[in-house]
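In what follows, a single structure is set out as structure tokens and then discussed.
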Amino acid sequence: MPQKTLLKGRVLSFLESPFATEPTRATNTHEAVLIEDGKIKALGSIAKLSQEHPEAQDVEYGQHLIMAGFVDPHVHYPQTAMIASWGKRLIDWLNTYTFPEEMKFGDPRYASEIANRYLDLTASHGTTTMCSFCTIHPESVDAFFEAAQLRGQRVVAGKTCMDRNAPEGLRDTAQTAYNQSQSLLEKWHGVNRLSYAITPRFSPTSTPEQLEAMGALWAKYPQCLMQTHLCEQTDEIEWVRSLFPNARDYLDTYEQFGLLGGNGLYGHVIHLETRERERLREVGAALIHCPTSNTFIGSGLFELDDLMRQGHRIGLATDTGGGSSFSMLRTMATAYEIGQLQGTALHPAQLLWLGTVGSAQSLRMDDCIGNIAPGLEADLVVLDLASTPDIAQREATAEDLWEAVFPTIMMGDDRAVADVWIGGNRVSRKP
Ligand code: GUN
Ligand code: ZN
């Protein structure tokens, strides 16, 4: 007998992109969602679903919002313990805080401790899938996949490759990066809900030989995602120009080595040249907006409105620990504020879409996660829209769902996360 569960509350699903239509018309709400064997089976009224599935176990969420779990397509789980480190910009921040912390991940016990801590914290924030950079150590990749596998979670991760401009102990070579990435990919890609992403950190920390090796690996496994960083800070771009004097621009340092493609995820992409924008769009690459990181490290303002209008595929991410939060709600709030600085007020439906469907599309996983629709995997977050006194007093006067949701987007955190379901299993909310 299959296990059936009927979740009752305000179930929110997306019918289309709220960037392509009037935002309130992009969504639907239902009274209940039925899950069976880890998948979403049906959406509808309580009366209809209870009558059709009398054996289903009921879970009552009252006025809580039930939506797809958050999808975070650019994170560094090894930076969990050094999030919110003070006072540096990108290159100094990497050298001062990030590299010393990443050095510790050659120890499988430490890697496992942080992987589990990270997955506990993000589950408490309602994030059910993420795409993570690991460190150069294969142990860091094994630790993350093992922790996610035990939780039945859909995650993407890869060994972060670096063979220059990083300290001794954090450098591999073109050949070892290729060999280790390949054996990790063979070991984990497609096992349960796990996927491997080929992961050159960024052009300054890879020699042309290593970028070429990563390009060759991607050509051999084109079904895999490839993740990296692009055009985050102006100083970084200057550095790339001096390291690759013959490249047309920063993107070209990837493109010339076969590291530009539709399965590529490019983090930050703030200071893009026209040619770079056009090439990224032509190939259908995913651009990942990391708003709390871009303000925290002082990188700049991602041009969401322009890039969306130009037809780019865009995901929304925390970039933990360059980002200042594990929460996709805090990330949406900062995306909203950055939009306001640029003269665009993002609608709450657009913010929620970016953190679910949009991010799932950036991972090419929207056929299995990121929304509530029959056949998709049952990864869900249940939001309490009155989780603190300050949010509750504002929500109390809301005249529609969007006015009720927006205070939680702007002021909410893990206290707003009433429950989380991963692969049809209820997850204990707090670590
Ligand atoms: N560029 C290269 N590595 C990193 C990183 O770890 N974080 C951020 N924000 N940018 C990077
Ligand atoms: Zn990053």
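Chains: A, B, ... in order of the structure tokens. Residues: from 1 per chain. Ligands: from 1, in order shown.
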When you look at A:Ser45 with a cut-off of 6 Å (counting only C-alpha atoms), what residues show up, excluding the ones that are within fewer than 2 positions of it in the same chain? I need them as a list in words.
Glu31, Ala32, Ala47 and Lys48 of chain A
Once you count only C-alpha atoms, what closest atom pair and distance in Å to one decimal does each residue of stretch 197-266 of chain A within 12 Å of stretch 276-291 of chain A have, with rows by chain and rising residue number, as a Markdown table?
| residue | atom | partner | partner_atom | distance |
| --- | --- | --- | --- | --- |
| A:Leu225 | CA | A:Ala286 | CA | 10.2 |
| A:Met226 | CA | A:Ala285 | CA | 10.0 |
| A:Gln227 | CA | A:Ala286 | CA | 9.4 |
| A:Thr228 | CA | A:Ile288 | CA | 10.1 |
| A:His229 | CA | A:Ile288 | CA | 9.2 |
| A:Leu230 | CA | A:Leu287 | CA | 9.3 |
| A:Cys231 | CA | A:Glu276 | CA | 9.8 |
| A:Glu232 | CA | A:Cys290 | CA | 9.9 |
| A:Ala247 | CA | A:Glu276 | CA | 12.0 |
| A:Arg248 | CA | A:Glu276 | CA | 9.5 |
| A:Asp249 | CA | A:Glu276 | CA | 7.6 |
| A:Tyr250 | CA | A:Glu276 | CA | 8.1 |
| A:Leu251 | CA | A:Glu276 | CA | 6.1 |
| A:Asp252 | CA | A:Glu276 | CA | 8.1 |
| A:Thr253 | CA | A:Glu276 | CA | 11.1 |
| A:Tyr254 | CA | A:Glu276 | CA | 11.0 |
| A:Glu255 | CA | A:Arg279 | CA | 9.3 |
| A:Leu259 | CA | A:Ala285 | CA | 10.6 |
| A:Leu260 | CA | A:Ala285 | CA | 7.5 |
| A:Gly261 | CA | A:Val283 | CA | 5.6 |
| A:Gly262 | CA | A:Ala285 | CA | 4.3 |
| A:Asn263 | CA | A:Ala285 | CA | 6.2 |
| A:Gly264 | CA | A:Ala285 | CA | 5.3 |
| A:Leu265 | CA | A:Ala286 | CA | 4.8 |
| A:Tyr266 | CA | A:Leu287 | CA | 5.2 |
Ligand 2: which residues are within 9 Å, counting only C-alpha atoms and all ligand atoms, as a PyMOL selection string?
chain A and resi 74-76+132-133+201+228-229+267-268+290+293+318-323
Write to file, as a compact mmCIF listing (two decimals), in the first residue's frame, the residues of the selection just made, with C-alpha atoms.
# COMPACT_ATOMS: atom_id res chain seq x y z
CA HIS A 74 25.27 28.77 -5.79
CA VAL A 75 26.71 28.02 -2.34
CA HIS A 76 30.01 27.10 -0.76
CA SER A 132 27.62 23.66 -3.82
CA PHE A 133 31.28 24.27 -4.43
CA ARG A 201 36.71 27.96 -9.01
CA THR A 228 32.16 28.86 -11.76
CA HIS A 229 32.37 32.60 -11.00
CA GLY A 267 27.88 33.12 -10.35
CA HIS A 268 27.57 36.89 -9.78
CA CYS A 290 23.78 36.37 -5.31
CA SER A 293 27.00 38.37 -1.24
CA THR A 318 22.79 32.81 -1.10
CA ASP A 319 26.47 32.29 -2.05
CA THR A 320 27.08 31.14 1.53
CA GLY A 321 29.54 32.24 3.09
CA GLY A 322 30.31 35.26 0.84
CA GLY A 323 26.59 35.81 1.23
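The shortest atom-to-atom distance to A:Met328, with only C-alpha atoms taken into account, belongs to A:His125 out of A:His347, A:Arg151, A:His125, A:Arg109.
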May I have the residues within 8 Å of A:Gly126 as a ChimeraX atom specification, using only C-alpha atoms and disregarding those fewer than 3 positions away in the same chain?
/A:69-70,122-123,327-328,380-382,414,417,419-420
